[in-house]
file input_12.txt (compact mmCIF, C-alpha atoms)
# COMPACT_ATOMS: atom_id res chain seq x y z
CA MET A 2 0.00 0.00 0.00
CA ILE A 3 1.25 3.48 -0.92
CA GLY A 4 -0.25 6.58 0.70
CA GLY A 5 -0.36 10.27 -0.10
CA LEU A 6 -0.84 10.05 -3.87
CA PRO A 7 -2.57 12.97 -5.63
CA VAL A 8 -6.28 12.51 -6.41
CA ASP A 9 -7.22 16.22 -6.69
CA GLN A 10 -9.97 15.96 -4.09
CA ALA A 11 -10.95 19.62 -4.39
CA ALA A 12 -11.81 19.16 -8.07
CA LEU A 13 -13.48 15.74 -7.82
CA PRO A 14 -17.01 15.55 -9.19
CA THR A 15 -19.72 13.75 -7.28
CA THR A 16 -19.23 10.01 -6.86
CA PRO A 17 -20.73 8.21 -9.88
CA THR A 18 -23.91 6.22 -9.25
CA VAL A 19 -24.59 4.69 -12.66
CA PRO A 20 -23.94 0.99 -13.38
CA GLY A 21 -20.73 0.24 -15.25
CA SER A 22 -19.08 3.57 -14.45
CA VAL A 23 -15.60 3.98 -15.98
CA GLN A 24 -12.98 6.66 -16.64
CA ARG A 25 -11.90 7.36 -20.22
CA GLN A 26 -10.30 10.76 -19.61
CA ALA A 27 -6.91 11.41 -18.06
CA ILE A 28 -8.04 12.98 -14.80
CA ILE A 29 -5.31 13.10 -12.16
CA SER A 30 -6.35 9.93 -10.30
CA ALA A 31 -6.71 7.86 -13.49
CA ALA A 32 -3.34 9.11 -14.74
CA VAL A 33 -1.66 8.17 -11.45
CA LEU A 34 -3.27 4.74 -11.51
CA THR A 35 -2.23 4.06 -15.10
CA MET A 36 1.30 5.32 -14.50
CA VAL A 37 1.75 2.87 -11.62
CA ALA A 38 0.31 0.10 -13.80
CA CYS A 39 2.88 0.84 -16.50
CA GLY A 40 5.62 0.55 -13.90
CA LEU A 41 4.46 -2.99 -13.06
CA GLY A 42 3.78 -4.17 -16.61
CA GLU A 43 1.00 -3.34 -19.07
CA PRO A 44 -2.56 -2.17 -18.26
CA LEU A 45 -5.18 -4.76 -19.17
CA ALA A 46 -8.95 -4.84 -19.56
CA TYR A 47 -11.65 -7.26 -20.74
CA LEU A 48 -14.21 -6.16 -23.32
CA GLY A 49 -16.98 -8.04 -21.51
CA GLU A 50 -16.37 -6.15 -18.26
CA LYS A 51 -17.28 -2.47 -18.14
CA THR A 52 -16.89 -2.20 -21.93
CA GLY A 53 -13.17 -2.79 -21.79
CA ALA A 54 -12.21 0.44 -19.98
CA LEU A 55 -8.66 0.41 -18.62
CA VAL A 56 -9.67 2.49 -15.56
CA GLN A 57 -12.88 1.42 -13.85
CA ASP A 58 -14.84 3.02 -11.02
CA VAL A 59 -15.65 0.95 -7.96
CA VAL A 60 -18.67 2.72 -6.48
CA PRO A 61 -21.96 1.74 -4.82
CA VAL A 62 -24.94 1.86 -7.18
CA PRO A 63 -28.51 2.48 -5.95
CA GLY A 64 -30.57 -0.69 -6.04
CA GLN A 65 -27.50 -2.94 -6.24
CA GLU A 66 -26.66 -3.02 -2.54
CA THR A 67 -26.62 -6.82 -2.43
CA PHE A 68 -24.87 -7.20 -5.80
CA HIS A 69 -21.85 -9.45 -5.36
CA GLY A 70 -19.39 -7.23 -7.16
CA ASN A 71 -17.92 -3.76 -7.32
CA ALA A 72 -21.33 -2.01 -7.51
CA GLY A 73 -22.55 -3.48 -4.22
CA SER A 74 -22.12 -2.48 -0.59
CA ALA A 75 -22.76 -5.87 1.04
CA PRO A 76 -19.80 -8.06 2.05
CA LEU A 77 -17.79 -9.30 -0.95
CA SER A 78 -16.32 -12.78 -0.59
CA PHE A 79 -12.71 -13.71 -1.30
CA HIS A 80 -11.63 -14.02 -4.91
CA THR A 81 -8.85 -13.57 -7.39
CA GLU A 82 -9.78 -11.42 -10.37
CA ASN A 83 -11.10 -13.21 -13.47
CA GLY A 84 -9.86 -16.67 -12.59
CA PHE A 85 -12.17 -18.14 -15.24
CA HIS A 86 -10.11 -16.56 -18.02
CA PRO A 87 -6.99 -18.09 -19.62
CA HIS A 88 -5.26 -14.75 -19.02
CA PRO A 89 -6.23 -13.31 -15.63
CA PRO A 90 -4.38 -10.18 -14.53
CA ASP A 91 -1.13 -10.54 -12.63
CA TYR A 92 -1.86 -7.48 -10.51
CA VAL A 93 -4.93 -5.50 -9.51
CA ILE A 94 -4.43 -1.89 -8.45
CA PHE A 95 -6.95 0.18 -6.47
CA LEU A 96 -6.70 3.91 -5.77
CA CYS A 97 -8.99 5.52 -3.18
CA LEU A 98 -10.55 8.83 -4.21
CA ARG A 99 -13.10 8.95 -1.39
CA ALA A 100 -13.64 6.86 1.73
CA ASP A 101 -17.13 5.82 2.80
CA HIS A 102 -18.95 8.19 5.15
CA ASP A 103 -18.56 5.99 8.24
CA GLN A 104 -15.01 4.89 7.34
CA ILE A 105 -15.91 1.25 7.98
CA ALA A 106 -15.46 -0.20 4.49
CA GLY A 107 -12.48 -2.51 4.55
CA MET A 108 -10.53 -4.21 1.77
CA ARG A 109 -9.76 -7.74 2.96
CA ILE A 110 -6.69 -9.58 1.69
CA ALA A 111 -5.29 -13.06 2.33
CA GLY A 112 -2.11 -14.52 0.83
CA ILE A 113 -1.28 -18.10 -0.07
CA ARG A 114 1.92 -18.09 2.01
CA GLN A 115 -0.17 -17.60 5.16
CA THR A 116 -3.09 -19.86 4.23
CA LEU A 117 -1.19 -22.86 2.83
CA PRO A 118 0.17 -24.11 6.21
CA LEU A 119 -3.42 -24.30 7.54
CA LEU A 120 -4.52 -26.84 4.91
CA THR A 121 -4.41 -30.58 5.51
CA PRO A 122 -2.21 -32.55 3.08
CA ALA A 123 -5.29 -34.22 1.55
CA ASN A 124 -7.11 -30.94 0.96
CA ARG A 125 -3.98 -29.30 -0.37
CA GLN A 126 -3.64 -32.13 -2.89
CA ALA A 127 -7.30 -31.79 -3.86
CA LEU A 128 -6.91 -28.07 -4.58
CA PHE A 129 -4.11 -28.89 -7.03
CA ALA A 130 -6.44 -31.18 -9.03
CA SER A 131 -8.22 -29.88 -12.15
CA GLU A 132 -11.63 -30.47 -10.63
CA PHE A 133 -13.00 -26.92 -10.24
CA ILE A 134 -15.09 -24.81 -12.61
CA THR A 135 -14.87 -21.02 -12.31
CA THR A 136 -17.41 -19.01 -14.30
CA PRO A 137 -17.32 -15.28 -15.16
CA PRO A 138 -18.14 -13.01 -12.21
CA PRO A 139 -21.33 -10.90 -12.09
CA SER A 140 -19.37 -7.81 -13.20
CA PHE A 141 -19.19 -9.26 -16.72
CA SER A 142 -22.15 -8.45 -18.95
CA PRO A 143 -24.60 -11.33 -19.53
CA ASP A 144 -23.93 -11.30 -23.28
CA ALA A 145 -20.18 -11.61 -22.74
CA ALA A 146 -20.33 -15.38 -22.56
CA ALA A 147 -17.02 -17.13 -22.02
CA THR A 148 -16.04 -19.68 -24.61
CA GLU A 149 -15.81 -23.39 -23.83
CA SER A 150 -12.01 -23.11 -23.88
CA ASP A 151 -12.21 -20.35 -21.26
CA VAL A 152 -14.49 -22.14 -18.80
CA LYS A 153 -13.00 -25.56 -18.25
CA PRO A 154 -11.94 -27.51 -15.15
CA ARG A 155 -8.87 -25.98 -13.55
CA PRO A 156 -7.13 -26.35 -10.20
CA VAL A 157 -7.57 -23.76 -7.49
CA LEU A 158 -3.84 -24.01 -6.71
CA TRP A 159 -1.19 -24.55 -9.36
CA GLY A 160 2.56 -24.18 -9.82
CA ALA A 161 5.12 -24.86 -7.09
CA ALA A 162 3.77 -27.09 -4.33
CA GLU A 163 5.39 -25.01 -1.61
CA ASP A 164 4.40 -21.60 -3.05
CA PRO A 165 1.53 -22.00 -5.54
CA ASP A 166 -0.57 -19.53 -7.48
CA ILE A 167 -4.33 -19.19 -6.85
CA ARG A 168 -7.35 -19.09 -9.15
CA MET A 169 -10.50 -18.94 -7.08
CA ALA A 170 -13.66 -16.94 -6.44
CA GLN A 171 -15.83 -18.18 -3.59
CA LEU A 172 -19.01 -17.08 -5.38
CA VAL A 173 -18.35 -18.68 -8.79
CA THR A 174 -15.80 -21.50 -8.25
CA LEU A 175 -17.62 -24.83 -8.14
CA PRO A 176 -16.04 -28.14 -7.08
CA LEU A 177 -16.90 -31.25 -9.09
CA ASN A 178 -16.90 -33.77 -6.21
CA PRO A 179 -17.37 -33.89 -2.41
CA GLN A 180 -13.65 -34.12 -1.59
CA ASP A 181 -12.94 -30.98 -3.57
CA ALA A 182 -15.90 -29.23 -1.94
CA ALA A 183 -14.40 -29.98 1.48
CA ALA A 184 -11.00 -28.72 0.33
CA LEU A 185 -12.48 -25.49 -1.01
CA THR A 186 -14.35 -24.95 2.27
CA GLU A 187 -11.17 -25.44 4.27
CA PHE A 188 -9.31 -23.03 2.01
CA GLY A 189 -12.03 -20.43 2.62
CA ARG A 190 -11.67 -20.89 6.38
CA ALA A 191 -7.89 -20.49 6.08
CA CYS A 192 -8.39 -17.24 4.18
CA GLU A 193 -10.73 -15.97 6.90
CA ALA A 194 -8.24 -16.94 9.62
CA THR A 195 -5.29 -15.14 8.03
CA ALA A 196 -7.00 -12.14 6.40
CA ARG A 197 -5.93 -8.55 6.95
CA THR A 198 -8.31 -5.59 6.57
CA LEU A 199 -7.18 -2.33 4.97
CA ARG A 200 -9.28 0.80 5.46
CA LEU A 201 -8.37 3.16 2.67
CA THR A 202 -8.31 6.94 2.79
CA PRO A 203 -8.04 9.32 -0.20
CA GLY A 204 -4.67 8.98 -1.89
CA ASP A 205 -4.10 5.38 -0.73
CA LEU A 206 -3.13 2.98 -3.50
CA VAL A 207 -3.09 -0.81 -3.07
CA VAL A 208 -1.23 -3.18 -5.38
CA ILE A 209 -2.54 -6.75 -5.08
CA ASP A 210 -0.55 -9.64 -6.55
CA ASN A 211 -3.48 -11.47 -8.11
CA ARG A 212 -1.40 -14.63 -8.52
CA VAL A 213 -0.94 -15.30 -4.81
CA THR A 214 -3.56 -13.14 -3.06
CA VAL A 215 -7.33 -13.23 -2.71
CA HIS A 216 -9.26 -10.11 -1.74
CA GLY A 217 -12.76 -9.10 -0.69
CA ARG A 218 -14.62 -6.29 1.09
CA THR A 219 -16.55 -5.68 4.28
CA ALA A 220 -20.02 -4.12 4.21
CA PHE A 221 -20.64 -0.37 4.34
CA HIS A 222 -23.61 1.99 4.15
CA PRO A 223 -23.84 4.26 1.08
CA ARG A 224 -25.94 7.41 1.25
CA TYR A 225 -26.06 8.24 -2.48
CA ASP A 226 -25.44 11.90 -1.72
CA GLY A 227 -22.56 12.43 -4.13
CA ALA A 228 -19.87 11.79 -1.52
CA ASP A 229 -19.92 7.98 -1.25
CA ARG A 230 -16.91 5.67 -1.35
CA TRP A 231 -15.07 5.87 -4.67
CA LEU A 232 -12.17 3.68 -5.75
CA GLN A 233 -10.66 3.36 -9.19
CA ARG A 234 -9.26 0.05 -10.45
CA THR A 235 -6.84 -1.09 -13.13
CA TYR A 236 -5.64 -4.58 -14.06
CA VAL A 237 -2.02 -5.26 -15.00
CA THR A 238 -0.34 -8.06 -16.93
CA ALA A 239 3.39 -8.64 -16.60
CA ASP A 240 3.55 -10.01 -20.16
CA LEU A 241 1.09 -8.68 -22.73
CA ARG A 242 2.40 -11.00 -25.43
CA ARG A 243 1.02 -14.16 -23.82
CA SER A 244 -2.58 -12.94 -24.26
CA ARG A 245 -2.29 -12.26 -28.02
CA ASP A 246 -4.78 -15.05 -28.74
CA HIS A 247 -7.42 -12.94 -26.96
CA GLY A 248 -6.11 -9.44 -27.73
CA PRO A 249 -5.06 -9.01 -31.37
CA HIS A 250 -1.99 -6.91 -32.19
CA ASP A 251 -0.80 -7.01 -28.58
CA GLY A 252 -3.84 -4.95 -27.62
CA HIS A 253 -4.50 -3.91 -24.02
CA ILE A 254 -8.17 -4.97 -24.23
CA LEU A 255 -8.91 -8.66 -24.44
CA ALA A 256 -11.79 -9.22 -26.83
CA ARG A 257 -13.00 -12.40 -25.15
call {"tool": "encode", "arguments": {"input": "input_12.txt", "output": "structure tokens"}}
result
Amino acid sequence: MIGGLPVDQAALPTTPTVPGSVQRQAIISAAVLTMVACGLGEPLAYLGEKTGALVQDVVPVPGQETFHGNAGSAPLSFHTENGFHPHPPDYVIFLCLRADHDQIAGMRIAGIRQTLPLLTPANRQALFASEFITTPPPSFSPDAAATESDVKPRPVLWGAAEDPDIRMAQLVTLPLNPQDAAALTEFGRACEATARTLRLTPGDLVVIDNRVTVHGRTAFHPRYDGADRWLQRTYVTADLRRSRDHGPHDGHILAR
């Protein structure tokens, strides 16, 4: 987490309240966010999510309080970003423009290096098996259907046995047998047991390593008065070339 970054609070407009809100102009906060993204790799977006905008607003939307995604204000369960996709982002960056009124909204994070020792050997082995289906999250538009090659059985944990990567979203990752269901439940408990909560203030920027960290959010109470919680988000890939099958000409927006 980095604090004290410029967001030009005095010139900020009211917090957006429309579904799918994005930033397509180089306001100060969006420029800062994109500049940090370019330091880590290459900014990345998905055409099916918020129309492929590289900088996306994370704001509460009236009528979507219980929506399990960035437009809601209810608790958001642990997940890595876009684990269903062959090319999920390597990093997710959030910049806080406004805190919530009560300053109770918390970003929850849990890392594999803390959770792995809490898993039994049998459940750890089960999580490495390709017996889990992860579907697109609710933030993707209904007509942005993933292809059969995108949504296929994958492990929750993969890579080095002692320091694996994660692909998991508690809401949309489904186990294919009872043993894997038990393993996924235990992994969720381990995330809860080791989680940290970050309460962001304006100018705070969080870089999440999406390969080894899950994140979520606590509940908060929006007022829809123009001064609600407002974060901006950008995805980053460390190697744009590897997603050329989904983003022609080394594009920053993956078409599917």
call {"tool": "residues_near_point", "arguments": {"input": "input_12.txt", "point": "(-9.3, 2.4, 7.8)", "cutoff": "6 Å", "atoms": "all atoms listed in the file", "output": "list in words"}}
result
Leu199, Arg200 and Leu201 of chain A
call {"tool": "residues_near_point", "arguments": {"input": "input_12.txt", "point": "(-12.7, 8.4, 1.1)", "cutoff": "9 Å", "atoms": "only C-alpha atoms", "output": "PyMOL selection string"}}
result
chain A and resi 97-102+104+201-204+228-232
call {"tool": "closest_residue", "arguments": {"input": "input_12.txt", "among": "A:Val93, A:Val157, A:Val23, A:Ala196", "to": "A:Thr52", "atoms": "all atoms listed in the file"}}
result
A:Val23
call {"tool": "closest_residue", "arguments": {"input": "input_12.txt", "among": "A:Gly5, A:Pro44, A:Gly160, A:Gly189", "to": "A:Tyr92", "atoms": "only C-alpha atoms"}}
result
A:Pro44
call {"tool": "closest_residue", "arguments": {"input": "input_12.txt", "among": "A:Pro118, A:Pro223, A:Gly53, A:Pro61", "to": "A:Gly252", "atoms": "only C-alpha atoms"}}
result
A:Gly53
call {"tool": "closest_residue", "arguments": {"input": "input_12.txt", "among": "A:Ser140, A:Thr198, A:Ala191, A:Thr116", "to": "A:Phe68", "atoms": "all atoms listed in the file"}}
result
A:Ser140
call {"tool": "closest_residue", "arguments": {"input": "input_12.txt", "among": "A:Gly112, A:Gly217, A:Pro156, A:Pro7", "to": "A:His80", "atoms": "only C-alpha atoms"}}
result
A:Gly217
call {"tool": "atom_distance", "arguments": {"input": "input_12.txt", "atom1": "atom CA of A:Arg197", "atom2": "atom CA of A:Val173"}}
result
22.5 Å
call {"tool": "closest_residue", "arguments": {"input": "input_12.txt", "among": "A:Arg114, A:His222, A:Arg234, A:Arg245", "to": "A:Ala32", "atoms": "all atoms listed in the file"}}
result
A:Arg234
call {"tool": "closest_atom_pairs", "arguments": {"input": "input_12.txt", "of": "stretch 137-216 of chain A", "to": "stretch 122-127 of chain A", "cutoff": "9 Å", "atoms": "only C-alpha atoms", "output": "JSON lines"}}
result
{"residue": "A:Pro156", "atom": "CA", "partner": "A:Ala127", "partner_atom": "CA", "distance": 8.4}
{"residue": "A:Val157", "atom": "CA", "partner": "A:Ala127", "partner_atom": "CA", "distance": 8.8}
{"residue": "A:Leu158", "atom": "CA", "partner": "A:Arg125", "partner_atom": "CA", "distance": 8.3}
{"residue": "A:Ala162", "atom": "CA", "partner": "A:Arg125", "partner_atom": "CA", "distance": 9.0}
{"residue": "A:Gln180", "atom": "CA", "partner": "A:Ala127", "partner_atom": "CA", "distance": 7.1}
{"residue": "A:Asp181", "atom": "CA", "partner": "A:Ala127", "partner_atom": "CA", "distance": 5.7}
{"residue": "A:Ala183", "atom": "CA", "partner": "A:Asn124", "partner_atom": "CA", "distance": 7.4}
{"residue": "A:Ala184", "atom": "CA", "partner": "A:Asn124", "partner_atom": "CA", "distance": 4.5}
{"residue": "A:Leu185", "atom": "CA", "partner": "A:Asn124", "partner_atom": "CA", "distance": 7.9}
{"residue": "A:Glu187", "atom": "CA", "partner": "A:Asn124", "partner_atom": "CA", "distance": 7.6}
{"residue": "A:Phe188", "atom": "CA", "partner": "A:Asn124", "partner_atom": "CA", "distance": 8.3}
call {"tool": "decode", "arguments": {"input": "input_12.txt", "residues": "stretch 215-251 of chain A", "atoms": "N, CA and C atoms", "output": "compact mmCIF listing (two decimals), in the first residue's frame"}}
result
# COMPACT_ATOMS: atom_id res chain seq x y z
N VAL A 215 -5.90 -13.44 -2.51
CA VAL A 215 -7.33 -13.23 -2.71
C VAL A 215 -7.73 -11.95 -1.97
N HIS A 216 -8.80 -11.31 -2.43
CA HIS A 216 -9.26 -10.11 -1.74
C HIS A 216 -10.78 -10.09 -1.71
N GLY A 217 -11.32 -9.27 -0.84
CA GLY A 217 -12.76 -9.10 -0.69
C GLY A 217 -13.03 -7.76 -0.03
N ARG A 218 -14.25 -7.59 0.51
CA ARG A 218 -14.62 -6.29 1.09
C ARG A 218 -15.62 -6.50 2.20
N THR A 219 -15.53 -5.68 3.24
CA THR A 219 -16.55 -5.68 4.28
C THR A 219 -17.73 -4.83 3.80
N ALA A 220 -18.83 -4.91 4.54
CA ALA A 220 -20.02 -4.12 4.21
C ALA A 220 -19.83 -2.66 4.61
N PHE A 221 -20.57 -1.77 3.94
CA PHE A 221 -20.64 -0.37 4.34
C PHE A 221 -22.01 0.18 3.95
N HIS A 222 -22.27 1.44 4.31
CA HIS A 222 -23.61 1.99 4.15
C HIS A 222 -23.57 3.24 3.26
N PRO A 223 -23.83 3.08 1.96
CA PRO A 223 -23.84 4.26 1.08
C PRO A 223 -25.05 5.15 1.35
N ARG A 224 -24.86 6.44 1.07
CA ARG A 224 -25.94 7.41 1.25
C ARG A 224 -26.43 7.97 -0.08
N TYR A 225 -25.70 7.75 -1.15
CA TYR A 225 -26.06 8.24 -2.48
C TYR A 225 -26.29 9.76 -2.47
N ASP A 226 -25.35 10.44 -1.82
CA ASP A 226 -25.44 11.90 -1.72
C ASP A 226 -24.33 12.60 -2.49
N GLY A 227 -23.64 11.84 -3.35
CA GLY A 227 -22.56 12.43 -4.13
C GLY A 227 -21.19 12.33 -3.48
N ALA A 228 -21.15 11.85 -2.22
CA ALA A 228 -19.87 11.79 -1.52
C ALA A 228 -19.58 10.38 -1.00
N ASP A 229 -20.13 9.37 -1.68
CA ASP A 229 -19.92 7.98 -1.25
C ASP A 229 -18.51 7.50 -1.61
N ARG A 230 -18.20 6.32 -1.08
CA ARG A 230 -16.91 5.67 -1.35
C ARG A 230 -16.66 5.56 -2.85
N TRP A 231 -15.42 5.88 -3.24
CA TRP A 231 -15.07 5.87 -4.67
C TRP A 231 -13.63 5.38 -4.80
N LEU A 232 -13.48 4.19 -5.38
CA LEU A 232 -12.17 3.68 -5.75
C LEU A 232 -12.09 3.63 -7.27
N GLN A 233 -10.88 3.66 -7.79
CA GLN A 233 -10.66 3.36 -9.19
C GLN A 233 -9.74 2.14 -9.28
N ARG A 234 -9.94 1.34 -10.34
CA ARG A 234 -9.26 0.05 -10.45
C ARG A 234 -8.67 -0.12 -11.84
N THR A 235 -7.48 -0.71 -11.88
CA THR A 235 -6.84 -1.09 -13.13
C THR A 235 -6.22 -2.47 -12.97
N TYR A 236 -6.32 -3.28 -14.01
CA TYR A 236 -5.64 -4.58 -14.06
C TYR A 236 -4.28 -4.41 -14.75
N VAL A 237 -3.36 -5.30 -14.40
CA VAL A 237 -2.02 -5.26 -15.00
C VAL A 237 -1.59 -6.67 -15.37
N THR A 238 -0.99 -6.81 -16.56
CA THR A 238 -0.34 -8.06 -16.93
C THR A 238 1.16 -7.81 -17.01
N ALA A 239 1.93 -8.77 -16.54
CA ALA A 239 3.39 -8.64 -16.60
C ALA A 239 3.92 -8.95 -18.00
N ASP A 240 3.11 -9.61 -18.83
CA ASP A 240 3.55 -10.01 -20.16
C ASP A 240 2.36 -9.95 -21.11
N LEU A 241 2.24 -8.86 -21.83
CA LEU A 241 1.09 -8.68 -22.73
C LEU A 241 1.11 -9.68 -23.88
N ARG A 242 2.28 -10.12 -24.27
CA ARG A 242 2.40 -11.00 -25.43
C ARG A 242 1.65 -12.32 -25.23
N ARG A 243 1.62 -12.84 -24.02
CA ARG A 243 1.02 -14.16 -23.82
C ARG A 243 -0.49 -14.17 -24.01
N SER A 244 -1.12 -12.99 -24.06
CA SER A 244 -2.58 -12.94 -24.26
C SER A 244 -2.95 -12.55 -25.68
N ARG A 245 -2.01 -12.68 -26.64
CA ARG A 245 -2.29 -12.26 -28.02
C ARG A 245 -3.42 -13.06 -28.65
N ASP A 246 -3.68 -14.28 -28.17
CA ASP A 246 -4.78 -15.05 -28.74
C ASP A 246 -6.14 -14.45 -28.38
N HIS A 247 -6.18 -13.60 -27.35
CA HIS A 247 -7.42 -12.94 -26.96
C HIS A 247 -7.40 -11.44 -27.23
N GLY A 248 -6.23 -10.87 -27.46
CA GLY A 248 -6.11 -9.44 -27.73
C GLY A 248 -5.25 -9.22 -28.95
N PRO A 249 -5.84 -9.12 -30.14
CA PRO A 249 -5.06 -9.01 -31.37
C PRO A 249 -4.12 -7.81 -31.35
N HIS A 250 -2.97 -7.98 -32.03
CA HIS A 250 -1.99 -6.91 -32.19
C HIS A 250 -1.44 -6.43 -30.85
N ASP A 251 -1.30 -7.36 -29.91
CA ASP A 251 -0.80 -7.01 -28.58
C ASP A 251 -1.66 -5.92 -27.93
